Amino acid sequence: MSILTKTKIITKKEELQALTTNLKKEHKVIGFVPTMGYLHEGHRALLKEARANNEIVILSIFVNPLQFGPTEDLDSYPRDFDRDLLVACEEQVDYLFYPTVEEMYPDTPSVTVKVHTRTNVLCGSSRPGHFDGVATVLTKLFHLVQPNHAYFGQKDAQQVAVVHGLIEDFHFPIKLIAVNTVREEDGLAKSSRNVRLSQEERKEAGILYQSLAAAREELIKGNNQLDDLIAHLKDKVEKESSGIVDYLEILTYPALEKINQPSGKVIVAIAVQFKKARLIDNIIFDLSM
């Protein structure tokens, strides 16, 4: 039997909802991994975690137009469904939901979700409306899939924080599982964007994780001069690479609020613009432990 027959593809909302309704009646535990496709090692980590802890694994691939801004090119977003299907089969996904835009948004939405907090910092500050689009499509997907567990990569920590708020505020009976970032040997977070780096930029890109690790070490040692620490690390990144720092921030987590005296759970997050790729990364740790 071909490996490509092992994952069932579903393209219609009604079919997916009928399936998951029956699975819930059978008390099956469902793990859900929502993605926009072009799957990489980070996505594999989510799928492996879901496979290990659920009876049924559902993967969705949908490039959601609502989370693209007016200056962002939806059409140029990378797509490779055949390769994604192979990954799904290799990771033993039971069902792959692969709808069209017309299937998910047959008409102009009369209701969308508005995210009020956790969005005015990090990537959200330069992408107004992005997380509204994320929250809207996830609300639709959560209703269709009815998962027990939903899996997201901690690399996009702001998205995880927003989804945490969505699940709590809308009382979804879902447990959010944030899976640790998958990294290269030099610490660079694995991402589909990494292929856009030149050979020289790829050699330099390890500086992102090095700067995050340095910030964590300083905070653990009790350094509370956050402005000076951030300025020093930004300067270091730009001196040791050709990238330009978009932001480097130290915030509470998951509330993503500014802090003066670091304590409790914090995130150090960075975004660096190289010539053809904008890379993001973060580390989250608890200073009270």
# chains A, B, ... in the order shown; residues from 1 in each chain; ligands from 1
>>> residues_around(residues="Gly31 of chain A", least_positions_apart="5", cutoff="10 Å", atoms="only C-alpha atoms", output="list in words")
Leu46, Leu47, Glu49, Ala50, Arg51, Ala52, Asn53, Asn54, Glu55, Ile56, Val57, Ile58, Leu59, Val93, Val145, Gln146, Pro147, Asn148, His149, Ala150, Tyr151, Ile174, Lys175 and Ile177 of chain A
>>> select_by_dssp(residues="segment 29-265 of chain A", states="strand (DSSP E or B)", output="PyMOL selection string")
chain A and resi 30-35+56-61+95-97+149-153+175-179+183+189+244-252+258+265
>>> write_last_selection(atoms="N, CA and C atoms", output="compact mmCIF listing (two decimals), in the first residue's frame")
# COMPACT_ATOMS: atom_id res chain seq x y z
N ILE A 30 -8.80 14.00 20.33
CA ILE A 30 -8.36 14.59 19.06
C ILE A 30 -7.26 15.62 19.30
N GLY A 31 -6.16 15.46 18.60
CA GLY A 31 -5.10 16.46 18.59
C GLY A 31 -5.12 17.20 17.26
N PHE A 32 -5.01 18.53 17.32
CA PHE A 32 -5.17 19.37 16.13
C PHE A 32 -3.94 20.24 15.93
N VAL A 33 -3.42 20.24 14.69
CA VAL A 33 -2.27 21.08 14.34
C VAL A 33 -2.69 21.98 13.17
N PRO A 34 -3.04 23.25 13.45
CA PRO A 34 -3.41 24.17 12.36
C PRO A 34 -2.16 24.81 11.75
N THR A 35 -2.06 24.81 10.42
CA THR A 35 -0.88 25.39 9.75
C THR A 35 -1.32 26.09 8.47
N ILE A 56 -6.55 10.49 17.68
CA ILE A 56 -6.77 11.00 16.33
C ILE A 56 -5.96 12.28 16.15
N VAL A 57 -5.26 12.40 15.02
CA VAL A 57 -4.52 13.62 14.71
C VAL A 57 -5.10 14.24 13.45
N ILE A 58 -5.47 15.52 13.56
CA ILE A 58 -5.99 16.27 12.41
C ILE A 58 -5.05 17.45 12.15
N LEU A 59 -4.63 17.56 10.91
CA LEU A 59 -3.78 18.66 10.44
C LEU A 59 -4.59 19.52 9.50
N SER A 60 -4.52 20.83 9.63
CA SER A 60 -5.15 21.69 8.63
C SER A 60 -4.07 22.48 7.90
N ILE A 61 -4.29 22.65 6.61
CA ILE A 61 -3.43 23.50 5.77
C ILE A 61 -4.34 24.51 5.09
N TYR A 95 -6.19 12.73 9.47
CA TYR A 95 -7.00 13.51 8.55
C TYR A 95 -6.31 14.84 8.27
N LEU A 96 -6.33 15.24 6.99
CA LEU A 96 -5.77 16.51 6.56
C LEU A 96 -6.90 17.36 5.99
N PHE A 97 -7.17 18.46 6.67
CA PHE A 97 -8.21 19.39 6.20
C PHE A 97 -7.55 20.43 5.31
N HIS A 149 -6.88 18.83 22.17
CA HIS A 149 -5.59 19.49 22.29
C HIS A 149 -5.27 20.21 20.97
N ALA A 150 -4.72 21.43 21.08
CA ALA A 150 -4.28 22.17 19.89
C ALA A 150 -2.80 22.50 20.05
N TYR A 151 -2.04 22.27 18.99
CA TYR A 151 -0.59 22.35 19.07
C TYR A 151 -0.06 23.53 18.25
N PHE A 152 0.79 24.33 18.92
CA PHE A 152 1.41 25.48 18.28
C PHE A 152 2.88 25.52 18.64
N GLY A 153 3.68 26.09 17.75
CA GLY A 153 5.11 26.20 18.01
C GLY A 153 5.43 27.41 18.87
N LYS A 175 -7.17 22.21 25.31
CA LYS A 175 -5.90 22.46 25.98
C LYS A 175 -4.87 22.88 24.95
N LEU A 176 -4.28 24.05 25.17
CA LEU A 176 -3.25 24.56 24.27
C LEU A 176 -1.91 23.95 24.64
N ILE A 177 -1.24 23.34 23.66
CA ILE A 177 0.08 22.75 23.87
C ILE A 177 1.09 23.55 23.05
N ALA A 178 2.01 24.23 23.72
CA ALA A 178 3.07 24.98 23.03
C ALA A 178 4.31 24.09 23.00
N VAL A 179 4.77 23.78 21.80
CA VAL A 179 5.89 22.86 21.61
C VAL A 179 7.17 23.65 21.42
N ARG A 183 15.64 23.70 16.69
CA ARG A 183 16.76 24.56 16.33
C ARG A 183 17.84 23.81 15.55
N ALA A 189 16.56 29.07 14.94
CA ALA A 189 15.26 28.41 14.90
C ALA A 189 14.94 27.97 13.48
N ILE A 244 19.39 43.88 10.24
CA ILE A 244 18.93 45.06 10.97
C ILE A 244 17.89 44.62 11.98
N VAL A 245 18.09 44.98 13.24
CA VAL A 245 17.16 44.58 14.29
C VAL A 245 15.86 45.36 14.17
N ASP A 246 14.77 44.65 13.98
CA ASP A 246 13.44 45.25 13.95
C ASP A 246 12.99 45.53 15.38
N TYR A 247 13.12 44.52 16.23
CA TYR A 247 12.85 44.73 17.65
C TYR A 247 13.63 43.72 18.47
N LEU A 248 13.92 44.08 19.69
CA LEU A 248 14.40 43.18 20.72
C LEU A 248 13.73 43.64 22.00
N GLU A 249 12.84 42.82 22.54
CA GLU A 249 12.02 43.24 23.68
C GLU A 249 12.04 42.19 24.78
N ILE A 250 11.89 42.69 26.00
CA ILE A 250 11.76 41.86 27.19
C ILE A 250 10.41 42.18 27.83
N LEU A 251 9.51 41.18 27.90
CA LEU A 251 8.14 41.41 28.32
C LEU A 251 7.68 40.30 29.27
N THR A 252 6.57 40.55 29.95
CA THR A 252 5.93 39.48 30.72
C THR A 252 5.32 38.48 29.73
N LYS A 258 4.96 45.44 29.17
CA LYS A 258 6.26 46.02 29.50
C LYS A 258 6.55 45.80 30.98
N LYS A 265 7.44 34.92 34.92
CA LYS A 265 7.66 34.39 33.58
C LYS A 265 7.86 35.53 32.60
>>> residues_around(residues="Thr119 of chain A", least_positions_apart="6", cutoff="8 Å", atoms="only C-alpha atoms", output="PyMOL selection string")
chain A and resi 125+131+158+162
>>> write_last_selection(atoms="C-alpha atoms", output="compact mmCIF listing (two decimals), in the first residue's frame")
# COMPACT_ATOMS: atom_id res chain seq x y z
CA SER A 125 2.93 46.31 16.32
CA PHE A 131 -3.93 38.54 14.83
CA GLN A 158 3.02 36.04 20.36
CA VAL A 162 -3.05 35.31 21.52
>>> select_by_dssp(residues="segment 51-255 of chain A", states="helix (DSSP H, G or I)", output="PyMOL selection string")
chain A and resi 51-53+65-67+81-90+101-104+122-126+130-145+157-169+192-196+199-204+207-220+226-240
>>> atom_distance(atom1="atom CA of Val29 of chain A", atom2="atom CA of Phe172 of chain A")
15.1 Å
>>> residues_around(residues="Asp286 of chain A", least_positions_apart="3", cutoff="8 Å", atoms="only C-alpha atoms", output="list in words")
Ser263, Gly264, Lys265, Val266 and Met289 of chain A
>>> write_last_selection(atoms="C-alpha atoms", output="mmCIF file, in the first residue's frame")
data_model
loop_
_atom_site.group_PDB
_atom_site.id
_atom_site.type_symbol
_atom_site.label_atom_id
_atom_site.label_comp_id
_atom_site.auth_asym_id
_atom_site.auth_seq_id
_atom_site.Cartn_x
_atom_site.Cartn_y
_atom_site.Cartn_z
ATOM 1 C CA SER A 263 10.243 38.738 37.760
ATOM 2 C CA GLY A 264 8.089 35.685 37.112
ATOM 3 C CA LYS A 265 7.655 34.386 33.581
ATOM 4 C CA VAL A 266 9.286 36.568 30.929
ATOM 5 C CA MET A 289 12.306 29.297 39.651
#
>>> closest_residue(among="A:Asn22, A:Gln17, A:Gln92, A:Gln159", to="Leu256 of chain A", atoms="only C-alpha atoms")
A:Gln159
>>> atom_distance(atom1="atom CA of Ala213 of chain A", atom2="atom CA of Ala271 of chain A")
14.6 Å
>>> residues_around(residues="Leu212 of chain A", least_positions_apart="6", cutoff="9 Å", atoms="only C-alpha atoms", output="PDB file with N, CA and C atoms, in the first residue's frame")
ATOM      1  N   LEU A 233      22.630  44.542  23.215  1.00  0.00           N
ATOM      2  CA  LEU A 233      22.437  43.358  22.399  1.00  0.00           C
ATOM      3  C   LEU A 233      22.045  43.710  20.963  1.00  0.00           C
ATOM      4  N   LEU A 248      13.915  44.085  19.693  1.00  0.00           N
ATOM      5  CA  LEU A 248      14.400  43.177  20.724  1.00  0.00           C
ATOM      6  C   LEU A 248      13.733  43.643  22.002  1.00  0.00           C
ATOM      7  N   VAL A 268      12.039  36.962  26.122  1.00  0.00           N
ATOM      8  CA  VAL A 268      12.966  37.815  25.377  1.00  0.00           C
ATOM      9  C   VAL A 268      12.758  37.461  23.918  1.00  0.00           C
ATOM     10  N   ALA A 269      12.380  38.435  23.102  1.00  0.00           N
ATOM     11  CA  ALA A 269      12.033  38.169  21.709  1.00  0.00           C
ATOM     12  C   ALA A 269      12.787  39.103  20.787  1.00  0.00           C
ATOM     13  N   ILE A 270      13.093  38.602  19.592  1.00  0.00           N
ATOM     14  CA  ILE A 270      13.875  39.365  18.632  1.00  0.00           C
ATOM     15  C   ILE A 270      13.342  39.141  17.227  1.00  0.00           C
ATOM     16  N   ASP A 281      12.618  35.079  16.714  1.00  0.00           N
ATOM     17  CA  ASP A 281      12.971  34.038  17.675  1.00  0.00           C
ATOM     18  C   ASP A 281      12.677  34.562  19.068  1.00  0.00           C
ATOM     19  N   ASN A 282      12.644  33.668  20.040  1.00  0.00           N
ATOM     20  CA  ASN A 282      12.392  34.065  21.416  1.00  0.00           C
ATOM     21  C   ASN A 282      12.810  32.953  22.353  1.00  0.00           C
ATOM     22  N   ILE A 283      12.987  33.307  23.603  1.00  0.00           N
ATOM     23  CA  ILE A 283      13.079  32.326  24.671  1.00  0.00           C
ATOM     24  C   ILE A 283      12.205  32.794  25.822  1.00  0.00           C
TER      25      ILE A 283
END
>>> residues_around(residues="Leu287 of chain A", least_positions_apart="3", cutoff="12 Å", atoms="only C-alpha atoms", output="PDB file with N, CA and C atoms, in the first residue's frame")
ATOM      1  N   ARG A 216      19.036  36.206  28.657  1.00  0.00           N
ATOM      2  CA  ARG A 216      18.560  35.330  29.740  1.00  0.00           C
ATOM      3  C   ARG A 216      19.598  35.236  30.850  1.00  0.00           C
ATOM      4  N   GLU A 217      20.850  35.077  30.487  1.00  0.00           N
ATOM      5  CA  GLU A 217      21.913  34.964  31.487  1.00  0.00           C
ATOM      6  C   GLU A 217      21.998  36.223  32.343  1.00  0.00           C
ATOM      7  N   GLU A 218      21.889  37.383  31.686  1.00  0.00           N
ATOM      8  CA  GLU A 218      21.955  38.649  32.425  1.00  0.00           C
ATOM      9  C   GLU A 218      20.758  38.814  33.363  1.00  0.00           C
ATOM     10  N   LEU A 219      19.584  38.448  32.911  1.00  0.00           N
ATOM     11  CA  LEU A 219      18.392  38.579  33.745  1.00  0.00           C
ATOM     12  C   LEU A 219      18.452  37.634  34.931  1.00  0.00           C
ATOM     13  N   ILE A 220      18.930  36.432  34.723  1.00  0.00           N
ATOM     14  CA  ILE A 220      19.062  35.471  35.821  1.00  0.00           C
ATOM     15  C   ILE A 220      20.067  35.968  36.853  1.00  0.00           C
ATOM     16  N   LYS A 221      21.096  36.667  36.388  1.00  0.00           N
ATOM     17  CA  LYS A 221      22.101  37.222  37.298  1.00  0.00           C
ATOM     18  C   LYS A 221      21.583  38.433  38.066  1.00  0.00           C
ATOM     19  N   GLY A 222      20.401  38.945  37.660  1.00  0.00           N
ATOM     20  CA  GLY A 222      19.814  40.066  38.375  1.00  0.00           C
ATOM     21  C   GLY A 222      19.952  41.409  37.695  1.00  0.00           C
ATOM     22  N   ASN A 223      20.416  41.434  36.470  1.00  0.00           N
ATOM     23  CA  ASN A 223      20.537  42.688  35.721  1.00  0.00           C
ATOM     24  C   ASN A 223      19.141  43.225  35.423  1.00  0.00           C
ATOM     25  N   ASN A 224      18.807  44.387  35.978  1.00  0.00           N
ATOM     26  CA  ASN A 224      17.491  44.973  35.735  1.00  0.00           C
ATOM     27  C   ASN A 224      17.568  46.278  34.951  1.00  0.00           C
ATOM     28  N   THR A 252       6.569  40.552  29.948  1.00  0.00           N
ATOM     29  CA  THR A 252       5.927  39.481  30.716  1.00  0.00           C
ATOM     30  C   THR A 252       5.323  38.479  29.735  1.00  0.00           C
ATOM     31  N   TYR A 253       5.085  37.257  30.220  1.00  0.00           N
ATOM     32  CA  TYR A 253       4.477  36.255  29.344  1.00  0.00           C
ATOM     33  C   TYR A 253       3.466  35.411  30.126  1.00  0.00           C
ATOM     34  N   GLN A 261      10.887  45.848  36.546  1.00  0.00           N
ATOM     35  CA  GLN A 261      11.663  44.944  37.398  1.00  0.00           C
ATOM     36  C   GLN A 261      11.346  43.511  36.988  1.00  0.00           C
ATOM     37  N   PRO A 262      12.260  42.845  36.285  1.00  0.00           N
ATOM     38  CA  PRO A 262      11.964  41.501  35.794  1.00  0.00           C
ATOM     39  C   PRO A 262      11.684  40.517  36.922  1.00  0.00           C
ATOM     40  N   SER A 263      10.586  39.784  36.797  1.00  0.00           N
ATOM     41  CA  SER A 263      10.243  38.738  37.760  1.00  0.00           C
ATOM     42  C   SER A 263       9.212  37.831  37.105  1.00  0.00           C
ATOM     43  N   GLY A 264       9.063  36.620  37.658  1.00  0.00           N
ATOM     44  CA  GLY A 264       8.089  35.685  37.112  1.00  0.00           C
ATOM     45  C   GLY A 264       8.459  35.230  35.711  1.00  0.00           C
ATOM     46  N   LYS A 265       7.438  34.917  34.921  1.00  0.00           N
ATOM     47  CA  LYS A 265       7.655  34.386  33.581  1.00  0.00           C
ATOM     48  C   LYS A 265       7.859  35.534  32.599  1.00  0.00           C
ATOM     49  N   VAL A 266       8.966  35.499  31.880  1.00  0.00           N
ATOM     50  CA  VAL A 266       9.286  36.568  30.929  1.00  0.00           C
ATOM     51  C   VAL A 266       9.647  35.967  29.575  1.00  0.00           C
ATOM     52  N   ILE A 267       9.537  36.801  28.556  1.00  0.00           N
ATOM     53  CA  ILE A 267       9.963  36.438  27.211  1.00  0.00           C
ATOM     54  C   ILE A 267      10.985  37.460  26.729  1.00  0.00           C
ATOM     55  N   ILE A 284      11.585  31.841  26.502  1.00  0.00           N
ATOM     56  CA  ILE A 284      10.673  32.113  27.608  1.00  0.00           C
ATOM     57  C   ILE A 284      11.190  31.358  28.816  1.00  0.00           C
TER      58      ILE A 284
END
>>> atom_distance(atom1="atom CA of Gln199 of chain A", atom2="atom CA of Val272 of chain A")
16.3 Å
>>> closest_atom_pairs(of="segment 103-221 of chain A", to="segment 68-81 of chain A", cutoff="8 Å", atoms="only C-alpha atoms", output="tab-separated table")
residue	atom	partner	partner_atom	distance
A:Arg127	CA	A:Gly69	CA	6.7
A:Pro128	CA	A:Gly69	CA	7.4
A:Gly129	CA	A:Gly69	CA	7.3
A:His130	CA	A:Phe68	CA	6.2
A:Gly133	CA	A:Phe68	CA	7.8
>>> decode(residues="segment 155-237 of chain A", atoms="C-alpha atoms", output="tab-separated table (two decimals), in the first residue's frame")
chain	number	residue	atom	x	y	z
A	155	LYS	CA	8.78	30.01	18.12
A	156	ASP	CA	5.77	32.23	17.36
A	157	ALA	CA	5.28	33.06	21.02
A	158	GLN	CA	3.02	36.04	20.36
A	159	GLN	CA	0.64	33.83	18.42
A	160	VAL	CA	0.67	31.31	21.27
A	161	ALA	CA	-0.19	34.11	23.71
A	162	VAL	CA	-3.05	35.31	21.52
A	163	VAL	CA	-4.41	31.77	21.11
A	164	HIS	CA	-4.16	31.29	24.89
A	165	GLY	CA	-6.40	34.35	25.32
A	166	LEU	CA	-8.80	33.20	22.60
A	167	ILE	CA	-9.28	29.79	24.21
A	168	GLU	CA	-9.78	31.26	27.69
A	169	ASP	CA	-12.06	34.15	26.70
A	170	PHE	CA	-14.30	32.07	24.42
A	171	HIS	CA	-14.32	29.07	26.80
A	172	PHE	CA	-13.18	26.57	24.20
A	173	PRO	CA	-12.80	23.14	25.87
A	174	ILE	CA	-9.32	22.86	24.39
A	175	LYS	CA	-5.90	22.46	25.98
A	176	LEU	CA	-3.25	24.56	24.27
A	177	ILE	CA	0.08	22.75	23.87
A	178	ALA	CA	3.07	24.98	23.03
A	179	VAL	CA	5.89	22.86	21.61
A	180	ASN	CA	9.51	23.93	22.05
A	181	THR	CA	11.28	25.55	19.12
A	182	VAL	CA	13.26	23.19	16.90
A	183	ARG	CA	16.76	24.56	16.33
A	184	GLU	CA	19.77	24.08	14.09
A	185	GLU	CA	23.15	23.22	15.64
A	186	ASP	CA	24.06	26.91	15.99
A	187	GLY	CA	20.76	27.67	17.71
A	188	LEU	CA	18.97	29.19	14.72
A	189	ALA	CA	15.26	28.41	14.90
A	190	LYS	CA	14.13	26.23	12.00
A	191	SER	CA	11.84	28.10	9.64
A	192	SER	CA	10.72	28.03	6.02
A	193	ARG	CA	12.17	31.54	5.78
A	194	ASN	CA	15.72	30.31	6.38
A	195	VAL	CA	16.06	29.19	2.76
A	196	ARG	CA	15.90	32.86	1.74
A	197	LEU	CA	19.17	33.61	3.56
A	198	SER	CA	22.36	33.91	1.55
A	199	GLN	CA	25.24	31.64	2.55
A	200	GLU	CA	26.88	34.51	4.43
A	201	GLU	CA	23.66	35.50	6.17
A	202	ARG	CA	23.09	31.90	7.21
A	203	LYS	CA	26.52	31.88	8.89
A	204	GLU	CA	25.63	35.09	10.72
A	205	ALA	CA	22.08	34.10	11.75
A	206	GLY	CA	23.14	32.17	14.84
A	207	ILE	CA	23.60	35.57	16.50
A	208	LEU	CA	19.84	35.75	17.10
A	209	TYR	CA	19.82	32.87	19.55
A	210	GLN	CA	23.16	33.94	21.03
A	211	SER	CA	21.67	37.35	21.88
A	212	LEU	CA	18.60	35.76	23.47
A	213	ALA	CA	20.75	33.43	25.56
A	214	ALA	CA	22.92	36.36	26.65
A	215	ALA	CA	19.84	38.31	27.75
A	216	ARG	CA	18.56	35.33	29.74
A	217	GLU	CA	21.91	34.96	31.49
A	218	GLU	CA	21.95	38.65	32.42
A	219	LEU	CA	18.39	38.58	33.75
A	220	ILE	CA	19.06	35.47	35.82
A	221	LYS	CA	22.10	37.22	37.30
A	222	GLY	CA	19.81	40.07	38.37
A	223	ASN	CA	20.54	42.69	35.72
A	224	ASN	CA	17.49	44.97	35.74
A	225	GLN	CA	18.88	47.71	33.50
A	226	LEU	CA	16.70	46.56	30.65
A	227	ASP	CA	17.13	49.53	28.31
A	228	ASP	CA	20.93	49.30	28.51
A	229	LEU	CA	20.85	45.52	28.06
A	230	ILE	CA	18.58	45.74	25.02
A	231	ALA	CA	20.68	48.51	23.45
A	232	HIS	CA	23.88	46.50	23.97
A	233	LEU	CA	22.44	43.36	22.40
A	234	LYS	CA	20.93	45.22	19.43
A	235	ASP	CA	24.31	46.77	18.77
A	236	LYS	CA	26.00	43.37	19.03
A	237	VAL	CA	23.60	41.77	16.52
